[in-house]
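Source file entry16.pdb; content: PDB, C-alpha atoms.
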```pdb
ATOM      1  CA  MET Q 301      44.505 105.767 116.341
ATOM      2  CA  ASN Q 302      47.859 107.153 117.386
ATOM      3  CA  THR Q 303      50.277 104.250 117.996
ATOM      4  CA  GLU Q 304      53.314 106.481 118.036
ATOM      5  CA  ALA Q 305      55.332 106.058 121.289
ATOM      6  CA  LYS Q 306      55.954 109.163 123.356
ATOM      7  CA  ASN Q 307      59.625 110.098 123.593
ATOM      8  CA  ARG Q 308      59.218 112.652 126.343
ATOM      9  CA  ILE Q 309      60.425 112.050 129.886
ATOM     10  CA  HIS Q 310      57.812 112.374 132.598
ATOM     11  CA  PRO Q 311      58.317 115.621 134.590
ATOM     12  CA  LEU Q 312      58.589 113.766 137.934
ATOM     13  CA  ILE Q 313      61.375 111.526 136.628
ATOM     14  CA  ALA Q 314      63.206 114.525 135.176
ATOM     15  CA  SER Q 315      62.986 116.443 138.471
ATOM     16  CA  ALA Q 316      64.150 113.374 140.424
ATOM     17  CA  ALA Q 317      67.152 113.002 138.093
ATOM     18  CA  VAL Q 318      68.050 116.682 138.525
ATOM     19  CA  ALA Q 319      67.757 116.341 142.330
ATOM     20  CA  VAL Q 320      70.076 113.291 142.356
ATOM     21  CA  ILE Q 321      72.633 115.114 140.229
ATOM     22  CA  LEU Q 322      72.532 118.209 142.477
ATOM     23  CA  VAL Q 323      72.911 116.170 145.661
ATOM     24  CA  SER Q 324      75.819 114.267 144.108
ATOM     25  CA  LEU Q 325      77.568 117.496 143.097
ATOM     26  CA  ILE Q 326      77.094 118.985 146.568
ATOM     27  CA  GLY Q 327      78.472 115.808 148.137
ATOM     28  CA  VAL Q 328      81.547 115.873 145.900
ATOM     29  CA  ALA Q 329      82.087 119.560 146.707
ATOM     30  CA  ALA Q 330      81.799 118.862 150.447
ATOM     31  CA  ILE Q 331      84.226 115.938 150.310
ATOM     32  CA  THR Q 332      86.812 117.869 148.335
ATOM     33  CA  GLY Q 333      86.505 120.908 150.605
ATOM     34  CA  LEU Q 334      85.160 123.278 147.945
ATOM     35  CA  LEU Q 335      82.118 124.291 150.010
ATOM     36  CA  PRO Q 336      82.756 127.120 152.479
ATOM     37  CA  GLY Q 337      82.635 125.852 156.025
ATOM     38  CA  SER Q 338      82.832 122.198 155.041
ATOM     39  CA  ARG Q 339      85.738 120.180 156.360
ATOM     40  CA  SER Q 340      86.857 117.108 154.544
ATOM     41  CA  ALA Q 341      88.535 114.315 156.464
ATOM     42  CA  ASN Q 342      90.735 113.742 153.406
ATOM     43  CA  SER Q 343      92.110 117.291 153.187
ATOM     44  CA  PRO Q 344      95.649 117.707 154.501
ATOM     45  CA  PRO Q 345      96.103 119.693 157.720
ATOM     46  CA  ALA Q 346      97.264 123.271 157.418
ATOM     47  CA  PRO Q 347     101.006 123.658 157.967
ATOM     48  CA  PRO Q 348     102.010 125.279 161.271
ATOM     49  CA  PRO Q 349     102.875 128.950 161.077
ATOM     50  CA  PRO Q 350     106.572 129.659 160.729
ATOM     51  CA  ILE Q 351     108.427 130.663 163.865
ATOM     52  CA  THR Q 352     109.669 134.194 163.510
ATOM     53  CA  SER Q 353     112.302 135.834 165.630
ATOM     54  CA  ALA Q 354     111.937 139.383 166.900
ATOM     55  CA  SER Q 355     115.452 140.221 165.824
ATOM     56  CA  THR Q 356     116.904 139.606 162.382
ATOM     57  CA  ALA Q 357     120.314 138.679 163.753
ATOM     58  CA  PRO Q 358     121.368 135.050 163.213
ATOM     59  CA  LEU Q 359     120.839 132.715 166.180
ATOM     60  CA  SER Q 360     123.668 130.990 167.970
ATOM     61  CA  GLY Q 361     123.677 127.184 168.366
ATOM     62  CA  ALA Q 362     122.251 127.328 171.924
ATOM     63  CA  GLU Q 363     119.558 129.789 170.859
ATOM     64  CA  LYS Q 364     118.590 127.560 167.891
ATOM     65  CA  ALA Q 365     118.310 124.521 170.173
ATOM     66  CA  ALA Q 366     116.171 126.486 172.656
ATOM     67  CA  ALA Q 367     113.918 127.739 169.833
ATOM     68  CA  GLU Q 368     113.496 124.178 168.503
ATOM     69  CA  ARG Q 369     112.629 122.897 172.015
ATOM     70  CA  ASP Q 370     110.079 125.709 172.427
ATOM     71  CA  ALA Q 371     108.514 124.905 169.029
ATOM     72  CA  GLU Q 372     108.364 121.194 169.902
ATOM     73  CA  ASN Q 373     106.749 121.956 173.271
ATOM     74  CA  LEU Q 374     104.115 124.095 171.538
ATOM     75  CA  ASN Q 375     103.280 121.271 169.113
ATOM     76  CA  ASN Q 376     103.355 118.536 171.782
ATOM     77  CA  PRO Q 377     102.150 119.927 175.120
ATOM     78  CA  PRO Q 378     102.720 117.695 178.152
ATOM     79  CA  PRO Q 379      99.755 115.494 179.080
ATOM     80  CA  PRO Q 380      97.588 116.732 181.936
ATOM     81  CA  PRO Q 381      98.218 115.087 185.300
ATOM     82  CA  LEU Q 382      96.177 111.909 185.766
ATOM     83  CA  ALA Q 383      93.403 112.212 188.307
ATOM     84  CA  GLU Q 384      92.840 109.308 190.635
ATOM     85  CA  ILE Q 385      90.156 107.038 189.167
ATOM     86  CA  CYS Q 386      87.300 105.978 191.420
ATOM     87  CA  GLU Q 387      86.503 102.397 190.379
ATOM     88  CA  SER Q 388      82.965 102.521 191.809
ATOM     89  CA  CYS Q 389      82.071 106.009 190.495
ATOM     90  CA  GLY Q 390      80.425 107.035 187.243
ATOM     91  CA  ARG Q 391      77.713 109.069 185.536
ATOM     92  CA  VAL Q 392      74.272 108.028 184.300
ATOM     93  CA  GLU Q 393      74.540 107.798 180.517
ATOM     94  CA  ASN Q 394      71.087 106.504 179.558
ATOM     95  CA  ILE Q 395      67.859 105.181 181.085
ATOM     96  CA  ARG Q 396      65.729 102.556 179.336
ATOM     97  CA  GLU Q 397      62.152 101.781 180.265
ATOM     98  CA  VAL Q 398      61.451  98.021 180.205
ATOM     99  CA  LYS Q 399      57.890  96.667 180.276
ATOM    100  CA  HIS Q 400      57.257  93.174 181.632
ATOM    101  CA  ALA Q 401      54.123  91.084 181.382
ATOM    102  CA  ALA Q 402      52.917  90.139 184.834
ATOM    103  CA  LYS Q 403      52.250  86.513 185.684
ATOM    104  CA  THR Q 404      48.693  85.601 184.828
ATOM    105  CA  SER Q 405      46.324  84.324 187.516
ATOM    106  CA  GLY Q 406      44.221  82.134 185.208
ATOM    107  CA  VAL Q 407      41.136  84.324 185.499
ATOM    108  CA  GLY Q 408      41.659  85.633 181.962
ATOM    109  CA  ILE Q 409      41.944  82.131 180.519
ATOM    110  CA  ALA Q 410      38.835  80.911 182.358
ATOM    111  CA  ALA Q 411      36.698  83.934 181.475
ATOM    112  CA  GLY Q 412      37.872  83.871 177.858
ATOM    113  CA  ALA Q 413      37.176  80.142 177.543
ATOM    114  CA  VAL Q 414      33.633  80.533 178.925
ATOM    115  CA  VAL Q 415      32.799  83.469 176.656
ATOM    116  CA  GLY Q 416      34.440  81.804 173.627
ATOM    117  CA  GLY Q 417      32.631  78.520 174.314
ATOM    118  CA  LEU Q 418      29.266  80.281 174.570
ATOM    119  CA  LEU Q 419      29.872  82.131 171.310
ATOM    120  CA  GLY Q 420      31.168  78.981 169.575
ATOM    121  CA  ASN Q 421      28.065  77.072 170.721
ATOM    122  CA  GLN Q 422      25.918  79.447 168.649
ATOM    123  CA  ILE Q 423      27.504  78.175 165.409
ATOM    124  CA  GLY Q 424      26.095  75.235 163.481
ATOM    125  CA  SER Q 425      24.372  72.130 164.827
ATOM    126  CA  GLY Q 426      25.411  68.623 165.832
ATOM    127  CA  ASN Q 427      29.135  67.964 165.416
ATOM    128  CA  GLY Q 428      29.599  71.469 163.958
ATOM    129  CA  ARG Q 429      28.214  72.983 167.135
ATOM    130  CA  LEU Q 430      30.543  70.838 169.269
ATOM    131  CA  LEU Q 431      33.511  71.809 167.101
ATOM    132  CA  GLY Q 432      32.484  75.503 167.305
ATOM    133  CA  THR Q 433      32.205  75.289 171.108
ATOM    134  CA  VAL Q 434      35.664  73.703 171.493
ATOM    135  CA  ALA Q 435      37.294  76.134 169.040
ATOM    136  CA  GLY Q 436      35.551  79.092 170.702
ATOM    137  CA  ALA Q 437      36.686  77.962 174.165
ATOM    138  CA  ALA Q 438      40.306  77.516 173.008
ATOM    139  CA  GLY Q 439      40.382  80.832 171.157
ATOM    140  CA  GLY Q 440      38.627  82.646 173.997
ATOM    141  CA  GLY Q 441      41.019  81.177 176.579
ATOM    142  CA  TYR Q 442      44.027  82.331 174.560
ATOM    143  CA  ALA Q 443      42.537  85.801 173.997
ATOM    144  CA  GLY Q 444      41.608  86.117 177.682
ATOM    145  CA  ASN Q 445      45.140  85.189 178.749
ATOM    146  CA  GLU Q 446      46.677  87.777 176.383
ATOM    147  CA  ILE Q 447      44.281  90.471 177.575
ATOM    148  CA  GLU Q 448      45.140  89.731 181.207
ATOM    149  CA  LYS Q 449      48.887  89.879 180.437
ATOM    150  CA  ARG Q 450      48.600  93.233 178.661
ATOM    151  CA  THR Q 451      46.428  94.862 181.306
ATOM    152  CA  HIS Q 452      48.777  93.913 184.150
ATOM    153  CA  MET Q 453      52.126  95.158 182.781
ATOM    154  CA  THR Q 454      54.916  96.166 185.156
ATOM    155  CA  THR Q 455      57.645  98.675 184.318
ATOM    156  CA  THR Q 456      61.269  98.592 185.422
ATOM    157  CA  TYR Q 457      64.188 100.750 184.358
ATOM    158  CA  GLU Q 458      67.667  99.853 183.100
ATOM    159  CA  VAL Q 459      70.076 102.594 184.177
ATOM    160  CA  ILE Q 460      73.221 102.631 182.007
ATOM    161  CA  VAL Q 461      76.250 104.086 183.804
ATOM    162  CA  ARG Q 462      79.636 104.937 182.296
ATOM    163  CA  MET Q 463      82.162 104.298 185.039
ATOM    164  CA  GLU Q 464      85.217 106.532 185.491
ATOM    165  CA  ASN Q 465      87.438 103.663 184.327
ATOM    166  CA  GLY Q 466      85.575 103.667 180.971
ATOM    167  CA  ARG Q 467      83.420 100.563 181.500
ATOM    168  CA  VAL Q 468      79.675 100.700 180.866
ATOM    169  CA  ARG Q 469      77.426  98.943 183.372
ATOM    170  CA  GLU Q 470      73.663  98.418 183.569
ATOM    171  CA  PHE Q 471      71.658  98.477 186.791
ATOM    172  CA  PRO Q 472      67.998  97.402 187.081
ATOM    173  CA  GLU Q 473      65.896  99.866 189.069
ATOM    174  CA  ALA Q 474      62.259  99.577 190.153
ATOM    175  CA  SER Q 475      61.652 103.317 189.852
ATOM    176  CA  ASN Q 476      63.026 106.071 187.664
ATOM    177  CA  ALA Q 477      64.890 108.083 190.307
ATOM    178  CA  TRP Q 478      67.853 109.034 188.093
ATOM    179  CA  ARG Q 479      68.476 111.551 185.333
ATOM    180  CA  ILE Q 480      71.034 111.436 182.547
ATOM    181  CA  GLY Q 481      74.259 113.038 183.770
ATOM    182  CA  ASP Q 482      73.722 112.299 187.480
ATOM    183  CA  PRO Q 483      76.979 111.389 189.286
ATOM    184  CA  VAL Q 484      76.589 108.002 190.977
ATOM    185  CA  ARG Q 485      78.542 105.501 193.061
ATOM    186  CA  VAL Q 486      78.000 101.733 193.156
ATOM    187  CA  VAL Q 487      77.589 100.419 196.708
ATOM    188  CA  ASN Q 488      76.870  96.696 197.178
ATOM    189  CA  GLY Q 489      75.692  96.398 193.566
ATOM    190  CA  ARG Q 490      73.173  99.274 193.900
ATOM    191  CA  LEU Q 491      73.379 102.863 192.667
ATOM    192  CA  ARG Q 492      73.766 105.633 195.210
ATOM    193  CA  SER Q 493      73.978 109.374 194.634
ATOM    194  CA  ARG Q 494      77.487 110.789 194.702
ATOM    195  CA  GLY Q 495      77.170 114.353 195.713
TER     196      GLY Q 495
END
```
Please lay out the structure from this file as structure tokens.
Amino acid sequence: MNTEAKNRIHPLIASAAVAVILVSLIGVAAITGLLPGSRSANSPPAPPPPITSASTAPLSGAEKAAAERDAENLNNPPPPPLAEICESCGRVENIREVKHAAKTSGVGIAAGAVVGGLLGNQIGSGNGRLLGTVAGAAGGGYAGNEIEKRTHMTTTYEVIVRMENGRVREFPEASNAWRIGDPVRVVNGRLRSRG
């Protein structure tokens, strides 16, 4: 009988170890910027290109000041003019479908209790039969109620709108009349098309 322990690594474990090492090396290369096309958030930005003058003659004081202003304006362009913000305008950002269980009428409970009671009455005799009937009626009533709830589901929609002022608002809708990206306006708490 060979009681000598095997010292070999299973091929699946060896391949998993090699895969982990390769993924780790690729991750390190991506973070440090060694991979072509990868951009690391930690790498310093490239320095701006030097400003060259068309002529090689030295600049006067006024010309140097103008060149510095021009370079500063290129690096820091003026902000675009602010458009007037419509407080009741926005765009549809997302639409969620919400399912609701309808209110039960009691028919499911009654039918389930009758069927469960009849089935429970078939079990045992004497007190066991009575216990089976009561348990069957209770279980059947519960099951009938759940079945009725699930067969009478209603669907509403939550329309998520990003307003022009940056706020995000949700509006309940009975039907799915909107698409993502639609421009909308809020009028009396309801969404209207803005077109």
Enclosing box along x, y and z for every listed atom of region 445-449 of chain Q, padded 4 Å each side, centre and size in Å, one decimal, as JSON:
```
{"center_x": 46.6, "center_y": 87.8, "center_z": 178.8, "size_x": 12.6, "size_y": 13.3, "size_z": 12.8}
```
If we count all atoms listed in the file, what is near region 410-420 of chain Q at a cut-off of 7 Å, once residues fewer than 6 positions away on the same chain are taken out, given as a JSON list (two decimals) with C-alpha atoms, keeping the file's coordinate frame?
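And here is the file that came out, result-v7.json:
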```json
[["chain", "number", "residue", "atom", "x", "y", "z"],
["Q", 432, "GLY", "CA", 32.48, 75.50, 167.30],
["Q", 433, "THR", "CA", 32.20, 75.29, 171.11],
["Q", 434, "VAL", "CA", 35.66, 73.70, 171.49],
["Q", 435, "ALA", "CA", 37.29, 76.13, 169.04],
["Q", 436, "GLY", "CA", 35.55, 79.09, 170.70],
["Q", 437, "ALA", "CA", 36.69, 77.96, 174.16],
["Q", 438, "ALA", "CA", 40.31, 77.52, 173.01],
["Q", 439, "GLY", "CA", 40.38, 80.83, 171.16],
["Q", 440, "GLY", "CA", 38.63, 82.65, 174.00],
["Q", 441, "GLY", "CA", 41.02, 81.18, 176.58],
["Q", 443, "ALA", "CA", 42.54, 85.80, 174.00],
["Q", 444, "GLY", "CA", 41.61, 86.12, 177.68]]
```
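You will find CA of Glu393 (chain Q) at 5.5 Å from CA of Ile460 (chain Q).
For the pair CA of Gly408 (chain Q) and CA of Asn421 (chain Q), the separation is 19.6 Å.
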Which residue gives the smallest distance to Met463 (chain Q) among Q:Val484, Q:Cys389, Q:Leu431, Q:Ala477, with only C-alpha atoms counted? Q:Cys389
